Amino acid sequence: MRYFIYIFVFLITAVVTVAQNIERKIVIENNQFYYTSIDEEFQIATLHTGKISESLKSARLLALPAGRNYAEPVNPFSWDLHNDNFYCVNFILHPLNDRNEALKRFPVSTLKTWSNEVNVMDMLMKSVDRNMFAPNNPYQYIVSKSNIFNCFFYDGIALNDSSYFVAICNNNLISIWNYNGKKWEHGSDMEFPYCNYFSLFIHNENLYLISGEGNIFSVKDYSMALVNDKSVGDALSDCVIIENRDDNSISVMKNNNIDFNRALDEQIINKAIKIF
């Protein structure tokens with residue numbers, strides 16, 4: 001009983017230890033950068049934001065009522081921003097968390113910085129209680145086809161306020177889904193010979209997917225086609241995608257080149273590789 005009380009009190013008062021690992025990407029908008037990290041102990045996410053002219057370590061650390069799990073293979077935290085809305089797939093391990101209700105959306109302006117008043121237990125319960133913005137039909141479809149998860153990966157991204165895309169893969173079959181604010185539409189399963197996570201990005205209102213091997217596919221009419229003249233050049237896990245919405249560019253930067261003590265705009269000029 002004392003051990004249980006100790007753990008409960010610890011969770012109530014704990015503030016996450018902020019990791020430096022960037023999940024998937026950095027988004028730049030209005031000269032502000034945004035990226036997420038995951039606390040390895042509690043699996044809760046943090047949104048880092050600051051001016052691109054300042055160091056990454058100077059970012060504000062906003063507590064997110066969402067996170068990811070550590071089931072192998074690990075799929076990075078799926079998140080996106082559009083206007084003031086933060087979109088994510090909340091697959092955090094919690095007995096009350098329903099994966100069928102994992103698609104979450106909430107205003108960035110409502111997020112608070114981590115503190116003794118904004119703690120792990122608070123965020124865990126908010127992640128469970130927050131209403132979904134759409135039923136997780138892509139996940140339900142995967143489960144209906146097979147109860148065996150093999151090479152199971154996914155990512156979601158918002159094209160605009162009424163269009164949210166999901167790519168989801170299991171057993172080397174991938175499908176593309178779109179929620180238009182009222183209902184889901186999706187294409188047929190396509191063979192996907194990769195067993196690694198992938199990431200979606202948007203350029204000029206066109207949807208693209210980067211495979212774990214660094215190959216780039218255009219996504220149109222729920223189908224995918226390899227873009228022959230574009231490539232990351234490295235494994236996706238070795239890089240961070242940079243979506244600069246101010247100058248409408250897409251670039252990547254190697255993880256080992258990122259210096260959290262330096263300004264992001266300077267690092268992009270000197271170290272990032274432009275794709276679009």
# chains A, B, ... in the order shown; residues from 1 in each chain; ligands from 1
>>> residues_around(residues="His48 in chain A", least_positions_apart="5", cutoff="6 Å", atoms="only C-alpha atoms", output="compact mmCIF listing (two decimals) with N, CA and C atoms, in the first residue's frame")
# COMPACT_ATOMS: atom_id res chain seq x y z
N TYR A 34 8.58 24.82 -34.28
CA TYR A 34 7.82 23.90 -33.44
C TYR A 34 8.37 22.49 -33.66
N TYR A 35 8.63 21.79 -32.58
CA TYR A 35 8.95 20.37 -32.69
C TYR A 35 8.52 19.68 -31.41
N THR A 36 8.41 18.37 -31.47
CA THR A 36 7.98 17.62 -30.29
C THR A 36 9.06 16.65 -29.85
N ALA A 59 13.74 27.27 -26.25
CA ALA A 59 12.32 27.11 -26.57
C ALA A 59 11.46 27.01 -25.32
N ARG A 60 10.20 27.45 -25.47
CA ARG A 60 9.19 27.19 -24.43
C ARG A 60 8.81 25.72 -24.50
N LEU A 61 8.57 25.11 -23.36
CA LEU A 61 8.25 23.69 -23.28
C LEU A 61 6.79 23.53 -22.88
>>> residues_around(residues="Ile258 in chain A", least_positions_apart="4", cutoff="9 Å", atoms="only C-alpha atoms", output="list in words")
Met253, Lys254, Arg262, Leu264, Gln267 and Lys271 of chain A
>>> atom_distance(atom1="CA of Leu226 in chain A", atom2="CA of Asn178 in chain A")
20.3 Å
>>> closest_residue(among="A:Phe217, A:Phe192, A:Tyr70, A:Phe165", to="Leu93 in chain A", atoms="only C-alpha atoms")
A:Tyr70
>>> atom_distance(atom1="CA of Val27 in chain A", atom2="CA of Asn83 in chain A")
11.9 Å
>>> select_by_dssp(residues="range 38-101 of chain A", states="strand (DSSP E or B)", output="MDAnalysis selection string")
chainID A and resid 38 44:51 55 60:67 79:82 85:89
>>> closest_residue(among="A:Lys104, A:Lys57, A:Lys126, A:Arg68", to="Leu81 in chain A", atoms="only C-alpha atoms")
A:Lys104
>>> select_by_dssp(residues="range 7-250 of chain A", states="alpha helix (DSSP H)", output="list in words")
Ile7, Phe8, Val9, Phe10, Leu11, Ile12, Thr13, Val120, Met121, Asp122, Met123, Leu124, Met125, Lys126, Ser127, Val128, Asp129, Asn137, Pro138, Tyr139, Gln140, Tyr141, Ile142, Val143, Ser144 and Lys145 of chain A
>>> residues_around(residues="Asn244 in chain A", least_positions_apart="2", cutoff="12 Å", atoms="only C-alpha atoms", output="ChimeraX atom specification")
/A:25-34,52,201-204,241-242,246-252,264-265,268,272,274-276
>>> residues_around(residues="range 149-159 of chain A", least_positions_apart="3", cutoff="10 Å", atoms="only C-alpha atoms", output="ChimeraX atom specification")
/A:24,72-82,85-89,103,138-139,142-143,146,162-179,192-203,205-207,209
>>> decode(residues="range 30-129 of chain A", atoms="C-alpha atoms", output="mmCIF file, in the first residue's frame")
data_model
loop_
_atom_site.group_PDB
_atom_site.id
_atom_site.type_symbol
_atom_site.label_atom_id
_atom_site.label_comp_id
_atom_site.auth_asym_id
_atom_site.auth_seq_id
_atom_site.Cartn_x
_atom_site.Cartn_y
_atom_site.Cartn_z
ATOM 1 C CA ASN A 30 5.713 33.023 -38.735
ATOM 2 C CA ASN A 31 9.413 32.828 -37.806
ATOM 3 C CA GLN A 32 8.582 30.385 -35.001
ATOM 4 C CA PHE A 33 9.805 26.803 -34.845
ATOM 5 C CA TYR A 34 7.817 23.899 -33.436
ATOM 6 C CA TYR A 35 8.950 20.367 -32.695
ATOM 7 C CA THR A 36 7.976 17.620 -30.293
ATOM 8 C CA SER A 37 9.888 15.297 -28.010
ATOM 9 C CA ILE A 38 8.805 12.322 -25.897
ATOM 10 C CA ASP A 39 9.665 11.674 -22.276
ATOM 11 C CA GLU A 40 11.151 8.162 -22.219
ATOM 12 C CA GLU A 41 9.811 7.349 -18.749
ATOM 13 C CA PHE A 42 6.228 8.608 -18.988
ATOM 14 C CA GLN A 43 5.755 8.655 -22.802
ATOM 15 C CA ILE A 44 4.118 12.096 -22.627
ATOM 16 C CA ALA A 45 4.907 14.567 -25.410
ATOM 17 C CA THR A 46 6.270 18.105 -25.160
ATOM 18 C CA LEU A 47 5.877 20.802 -27.801
ATOM 19 C CA HIS A 48 8.976 22.997 -28.109
ATOM 20 C CA THR A 49 8.505 26.421 -29.671
ATOM 21 C CA GLY A 50 10.617 29.538 -30.084
ATOM 22 C CA LYS A 51 12.002 32.048 -32.545
ATOM 23 C CA ILE A 52 14.114 30.585 -35.353
ATOM 24 C CA SER A 53 16.704 33.292 -34.660
ATOM 25 C CA GLU A 54 17.257 31.920 -31.154
ATOM 26 C CA SER A 55 18.792 28.677 -29.940
ATOM 27 C CA LEU A 56 16.695 25.523 -29.872
ATOM 28 C CA LYS A 57 17.361 25.062 -26.165
ATOM 29 C CA SER A 58 15.711 28.430 -25.421
ATOM 30 C CA ALA A 59 12.319 27.109 -26.571
ATOM 31 C CA ARG A 60 9.195 27.192 -24.433
ATOM 32 C CA LEU A 61 8.245 23.690 -23.281
ATOM 33 C CA LEU A 62 4.498 23.169 -23.646
ATOM 34 C CA ALA A 63 2.859 20.141 -22.045
ATOM 35 C CA LEU A 64 0.856 18.031 -24.478
ATOM 36 C CA PRO A 65 -2.036 15.800 -23.393
ATOM 37 C CA ALA A 66 -0.832 13.043 -25.708
ATOM 38 C CA GLY A 67 2.067 10.696 -26.339
ATOM 39 C CA ARG A 68 3.207 7.456 -27.941
ATOM 40 C CA ASN A 69 3.980 3.921 -26.861
ATOM 41 C CA TYR A 70 7.199 1.944 -26.920
ATOM 42 C CA ALA A 71 5.895 -1.269 -28.450
ATOM 43 C CA GLU A 72 8.404 -2.625 -30.959
ATOM 44 C CA PRO A 73 8.907 -1.448 -33.572
ATOM 45 C CA VAL A 74 8.633 2.110 -32.281
ATOM 46 C CA ASN A 75 6.579 4.486 -34.401
ATOM 47 C CA PRO A 76 7.545 8.123 -33.744
ATOM 48 C CA PHE A 77 4.915 10.463 -32.348
ATOM 49 C CA SER A 78 2.528 11.452 -35.154
ATOM 50 C CA TRP A 79 1.708 15.171 -34.994
ATOM 51 C CA ASP A 80 1.003 18.242 -37.097
ATOM 52 C CA LEU A 81 0.043 21.916 -36.870
ATOM 53 C CA HIS A 82 -2.451 23.925 -38.864
ATOM 54 C CA ASN A 83 -3.329 27.479 -37.863
ATOM 55 C CA ASP A 84 -3.698 27.300 -34.067
ATOM 56 C CA ASN A 85 -4.666 23.625 -34.026
ATOM 57 C CA PHE A 86 -2.368 20.811 -32.934
ATOM 58 C CA TYR A 87 -3.212 17.395 -34.413
ATOM 59 C CA CYS A 88 -1.850 14.101 -33.135
ATOM 60 C CA VAL A 89 -2.338 10.372 -32.760
ATOM 61 C CA ASN A 90 -2.415 9.591 -29.045
ATOM 62 C CA PHE A 91 -1.228 5.995 -28.688
ATOM 63 C CA ILE A 92 0.142 6.456 -25.185
ATOM 64 C CA LEU A 93 0.045 3.278 -23.099
ATOM 65 C CA HIS A 94 -2.694 3.720 -20.514
ATOM 66 C CA PRO A 95 -5.438 1.279 -19.474
ATOM 67 C CA LEU A 96 -8.109 3.909 -20.211
ATOM 68 C CA ASN A 97 -6.695 5.029 -23.561
ATOM 69 C CA ASP A 98 -8.759 3.728 -26.484
ATOM 70 C CA ARG A 99 -6.837 3.589 -29.772
ATOM 71 C CA ASN A 100 -10.133 3.841 -31.630
ATOM 72 C CA GLU A 101 -10.394 7.360 -30.170
ATOM 73 C CA ALA A 102 -6.727 8.293 -30.585
ATOM 74 C CA LEU A 103 -7.100 11.157 -33.100
ATOM 75 C CA LYS A 104 -6.884 14.378 -31.108
ATOM 76 C CA ARG A 105 -6.989 18.081 -31.945
ATOM 77 C CA PHE A 106 -6.633 21.054 -29.612
ATOM 78 C CA PRO A 107 -5.612 24.733 -29.810
ATOM 79 C CA VAL A 108 -1.926 25.429 -29.271
ATOM 80 C CA SER A 109 -2.929 28.635 -27.476
ATOM 81 C CA THR A 110 -4.473 26.564 -24.669
ATOM 82 C CA LEU A 111 -1.269 24.655 -23.884
ATOM 83 C CA LYS A 112 0.661 25.461 -20.714
ATOM 84 C CA THR A 113 4.322 25.105 -19.871
ATOM 85 C CA TRP A 114 5.472 22.230 -17.685
ATOM 86 C CA SER A 115 5.496 23.141 -13.983
ATOM 87 C CA ASN A 116 4.618 21.701 -10.604
ATOM 88 C CA GLU A 117 1.010 22.616 -11.383
ATOM 89 C CA VAL A 118 1.132 21.050 -14.877
ATOM 90 C CA ASN A 119 2.358 17.549 -14.161
ATOM 91 C CA VAL A 120 2.455 14.074 -15.629
ATOM 92 C CA MET A 121 -0.728 12.744 -14.036
ATOM 93 C CA ASP A 122 -2.637 15.817 -15.195
ATOM 94 C CA MET A 123 -1.486 15.315 -18.785
ATOM 95 C CA LEU A 124 -2.112 11.555 -18.706
ATOM 96 C CA MET A 125 -5.714 12.039 -17.639
ATOM 97 C CA LYS A 126 -6.283 14.864 -20.119
ATOM 98 C CA SER A 127 -4.934 12.658 -22.889
ATOM 99 C CA VAL A 128 -7.533 10.036 -22.002
ATOM 100 C CA ASP A 129 -10.455 12.406 -21.443
#
